[in-house]
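Trainee: Have a look at this one before I ask anything.
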Amino acid sequence: MMIEPTLLAELAILGLCTGFLAGLLGIGGGMIMVPFLTYLLGQRGVGPDLAVKMAIATSMATIIFTSVSSVRAHHKKKAVRWDLVKGLAPGIVLGSLIGSMGIFAFVKGASLALFFAAFVGFSATQMFLDKKPAPTRQMPGFTGQLGAGGLIGLLSGLVGAGGGFISVPFMTWCNVAIHNAVATSAALGFPIALANVAGYIVSGQNVQNLPDYSFGYLWLPALVVIAVCSVTMAPVGAATAHKLPVKQLKRVFATILYVLAAYMLYKGLSA
C-alpha cells in the first residue's frame with residue numbers, strides 16, 4: 001500500500017481537526033480518529049475486523065505525543081495532582097497491559113466496534129447534557145485507586161481514548177476540583193497510552209495481512225502525520241475556547257459524535 005499524497009492530505013486534515021477540537025473542548029481525539037481511520041484503512045483494502053483494531057491502536061499512540069504538550073501547560077499552572085497520578089498510574093498500567101495484550105488481541109474487531117459505538121454514544125450524551133457529577137466523597141485509598149486505575153486503563157485501551165471521559169467524572173465525583181481533575185487526567189493519558197501501545201505492538205506482531213508501514217497494530221503513516229498536526233493545532237483550539245460559546249459547541253459536537261457512533265455501530269453489525 002503506497003503512501004499517496006491524497007492519503008497524507010486526509011491524515012493531515014484529520015490531525016488538524018482532532019487537535020483543534022481537543023484544545024477547544026478538552027476532549028481526546030480518539031472518538032473522531034477511530035471512525036475515520038477505520039474508514040481510511042477499509043478504503044485501502046484492510047478487512048473490517050483488522051481496520052477497527054488498527055484504528056483504535058493508532059489513535060491511542062497519538063496520545064503519547066499530545067499528552068506531553070498538554071501536561072506541560074497544566075503543570076505550569078500547578079493544576080496537576082501528582083499524588084493522584086502516582087496512586088492511579090500503577091493500576092492504569094496493569095489494566096492497559098491486560099486489555100491491549102490480552103482482551104484486545106482475542107476480541108473480534110466487530111465487538112470492539114460495537115463497544116466503541118456504545119462508549120461514544122454515552123460520552124456524547126454526557127456532553128450534550130453537560131452534566132457535572134455532584135462531589136459526594138473523597139478519593140479512595142491505595143487499593144481503591146489501584147482498582148479504579150485498572151478499569152480506566154482497560155476501558156481506554158479498548159476504545160483508543162485517553163481515559164478523560166472516565167477519569168474526570170470519577171475524580172470530580174470524589175471531590176477533586178474540576179480543573180485539577182482535567183489536568184490530572186491529561187497527565188494520566190501518558191501512562192495509559194504508553195502501556196496500551198506496548199501491548200498493541202506485542203499482540204500484533206504475528207497478525208496476518210497487516211498493511212505496509214505497520215508496527216504491530218500501529219499504522220505508522222497515520223500516527224506520524226496525525227501526531228504532528230494535532231500537537232500543532234491543540235494550542236490554537238485552547239486559545240479559541242476563550243472566544244466562543246463552548247457549551248453550545250459541545251452540543252453541536254455531541255451531535256456529530258452520535259453520527260460517528262452510528263457509523264461504528266454499522267461497521268460492527270456488518271463485519
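A note on labels: chains of the C-alpha cells are A, B, ... as shown, every chain counts residues from 1, and ligands are counted from 1 in their shown order.
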Env of Val107 (chain A): 10 Å cut, atoms = only C-alpha atoms, seq-sep filter 3 positions within chain, self excluded. Answer as JSON, numbers by chain.
Mentor: {"A": [49, 53, 102, 103, 104, 110, 111, 112, 158]}
Trainee: Just list the residues in region 129-264 of chain A DSSP gives helix (DSSP H, G or I) on the backbone, as a count of residues only.
Mentor: 95
Trainee: Give me, as a list in words, all polymer residues having an atom no more than 12 Å from Met233 (chain A), counting only C-alpha atoms and skipping those fewer than 3 positions away in the same chain.
Mentor: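 The contact residues come out as Ala12, Ile13, Leu14, Gly15, Leu16, Cys17, Thr18, Gly19, Phe20, Leu21, Ala22, Gly23, Leu24, Gly29, Thr66, Ser69, Ser70, Ile226, Ala227, Val228, Cys229, Ser230, Val236, Gly237, Ala238, Ala239 and Thr240 of chain A.
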Trainee: What would the file look like if the residues just selected were written as an mmCIF file, in the first residue's frame with N, CA and C atoms?
Mentor:
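Written output follows (selection-v6.cif):
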```
data_model
loop_
_atom_site.group_PDB
_atom_site.id
_atom_site.type_symbol
_atom_site.label_atom_id
_atom_site.label_comp_id
_atom_site.auth_asym_id
_atom_site.auth_seq_id
_atom_site.Cartn_x
_atom_site.Cartn_y
_atom_site.Cartn_z
ATOM 1 N N ALA A 12 -3.587 14.558 7.421
ATOM 2 C CA ALA A 12 -3.254 15.881 7.949
ATOM 3 C C ALA A 12 -4.513 16.632 8.380
ATOM 4 N N ILE A 13 -5.561 16.571 7.552
ATOM 5 C CA ILE A 13 -6.828 17.235 7.886
ATOM 6 C C ILE A 13 -7.417 16.627 9.155
ATOM 7 N N LEU A 14 -7.358 15.300 9.254
ATOM 8 C CA LEU A 14 -7.870 14.610 10.438
ATOM 9 C C LEU A 14 -7.095 15.034 11.681
ATOM 10 N N GLY A 15 -5.770 15.110 11.574
ATOM 11 C CA GLY A 15 -4.946 15.517 12.705
ATOM 12 C C GLY A 15 -5.199 16.951 13.120
ATOM 13 N N LEU A 16 -5.354 17.849 12.144
ATOM 14 C CA LEU A 16 -5.625 19.258 12.453
ATOM 15 C C LEU A 16 -6.972 19.413 13.156
ATOM 16 N N CYS A 17 -7.972 18.682 12.658
ATOM 17 C CA CYS A 17 -9.319 18.779 13.250
ATOM 18 C C CYS A 17 -9.345 18.216 14.669
ATOM 19 N N THR A 18 -8.730 17.059 14.868
ATOM 20 C CA THR A 18 -8.752 16.443 16.195
ATOM 21 C C THR A 18 -7.951 17.277 17.197
ATOM 22 N N GLY A 19 -6.813 17.829 16.765
ATOM 23 C CA GLY A 19 -6.026 18.667 17.648
ATOM 24 C C GLY A 19 -6.770 19.929 18.050
ATOM 25 N N PHE A 20 -7.438 20.547 17.078
ATOM 26 C CA PHE A 20 -8.193 21.766 17.353
ATOM 27 C C PHE A 20 -9.338 21.495 18.321
ATOM 28 N N LEU A 21 -10.071 20.415 18.080
ATOM 29 C CA LEU A 21 -11.196 20.081 18.946
ATOM 30 C C LEU A 21 -10.736 19.676 20.340
ATOM 31 N N ALA A 22 -9.587 19.008 20.424
ATOM 32 C CA ALA A 22 -9.056 18.632 21.733
ATOM 33 C C ALA A 22 -8.751 19.873 22.560
ATOM 34 N N GLY A 23 -8.159 20.881 21.926
ATOM 35 C CA GLY A 23 -7.869 22.114 22.631
ATOM 36 C C GLY A 23 -9.105 22.929 22.928
ATOM 37 N N LEU A 24 -10.058 22.920 22.009
ATOM 38 C CA LEU A 24 -11.267 23.738 22.143
ATOM 39 C C LEU A 24 -12.217 23.196 23.202
ATOM 40 N N GLY A 29 -8.872 12.929 21.044
ATOM 41 C CA GLY A 29 -9.193 12.795 19.633
ATOM 42 C C GLY A 29 -9.640 11.420 19.206
ATOM 43 N N THR A 66 0.444 13.966 22.229
ATOM 44 C CA THR A 66 -0.424 15.090 22.597
ATOM 45 C C THR A 66 -0.478 15.286 24.110
ATOM 46 N N SER A 69 2.496 17.649 25.577
ATOM 47 C CA SER A 69 2.332 19.102 25.454
ATOM 48 C C SER A 69 1.225 19.606 26.376
ATOM 49 N N SER A 70 0.175 18.802 26.536
ATOM 50 C CA SER A 70 -0.932 19.197 27.396
ATOM 51 C C SER A 70 -0.505 19.246 28.861
ATOM 52 N N ILE A 226 -0.799 12.493 11.989
ATOM 53 C CA ILE A 226 -1.821 12.979 12.924
ATOM 54 C C ILE A 226 -1.182 13.568 14.172
ATOM 55 N N ALA A 227 -0.141 12.924 14.688
ATOM 56 C CA ALA A 227 0.513 13.425 15.902
ATOM 57 C C ALA A 227 1.094 14.819 15.665
ATOM 58 N N VAL A 228 1.790 15.010 14.541
ATOM 59 C CA VAL A 228 2.397 16.316 14.244
ATOM 60 C C VAL A 228 1.322 17.389 14.101
ATOM 61 N N CYS A 229 0.267 17.078 13.344
ATOM 62 C CA CYS A 229 -0.771 18.080 13.087
ATOM 63 C C CYS A 229 -1.607 18.382 14.332
ATOM 64 N N SER A 230 -1.925 17.356 15.114
ATOM 65 C CA SER A 230 -2.764 17.578 16.295
ATOM 66 C C SER A 230 -2.031 18.364 17.368
ATOM 67 N N VAL A 236 -4.062 26.201 19.393
ATOM 68 C CA VAL A 236 -4.977 27.106 18.693
ATOM 69 C C VAL A 236 -6.403 26.884 19.192
ATOM 70 N N GLY A 237 -6.775 25.621 19.366
ATOM 71 C CA GLY A 237 -8.103 25.308 19.887
ATOM 72 C C GLY A 237 -8.291 25.816 21.300
ATOM 73 N N ALA A 238 -7.244 25.680 22.123
ATOM 74 C CA ALA A 238 -7.325 26.146 23.509
ATOM 75 C C ALA A 238 -7.505 27.664 23.569
ATOM 76 N N ALA A 239 -6.806 28.382 22.692
ATOM 77 C CA ALA A 239 -6.939 29.838 22.660
ATOM 78 C C ALA A 239 -8.322 30.258 22.172
ATOM 79 N N THR A 240 -8.860 29.501 21.217
ATOM 80 C CA THR A 240 -10.179 29.816 20.660
ATOM 81 C C THR A 240 -11.287 29.568 21.679
#
```
Trainee: Neighbouring residues of Ala55 (chain A) were defined as those with any atom within 12 Å, considering only C-alpha atoms; residues of the same chain fewer than 3 positions away were excluded. Please report them as a ChimeraX atom specification.
Mentor: /A:29-42,46-52,58-62,109,112-113,116,157-161,200,214,216-223,264
Trainee: Give me the residues within 8 Å of Met171 (chain A) as number ranges by chain, counting only C-alpha atoms and dropping any in the same chain fewer than 5 places off.
Mentor: A: 139, 176, 181
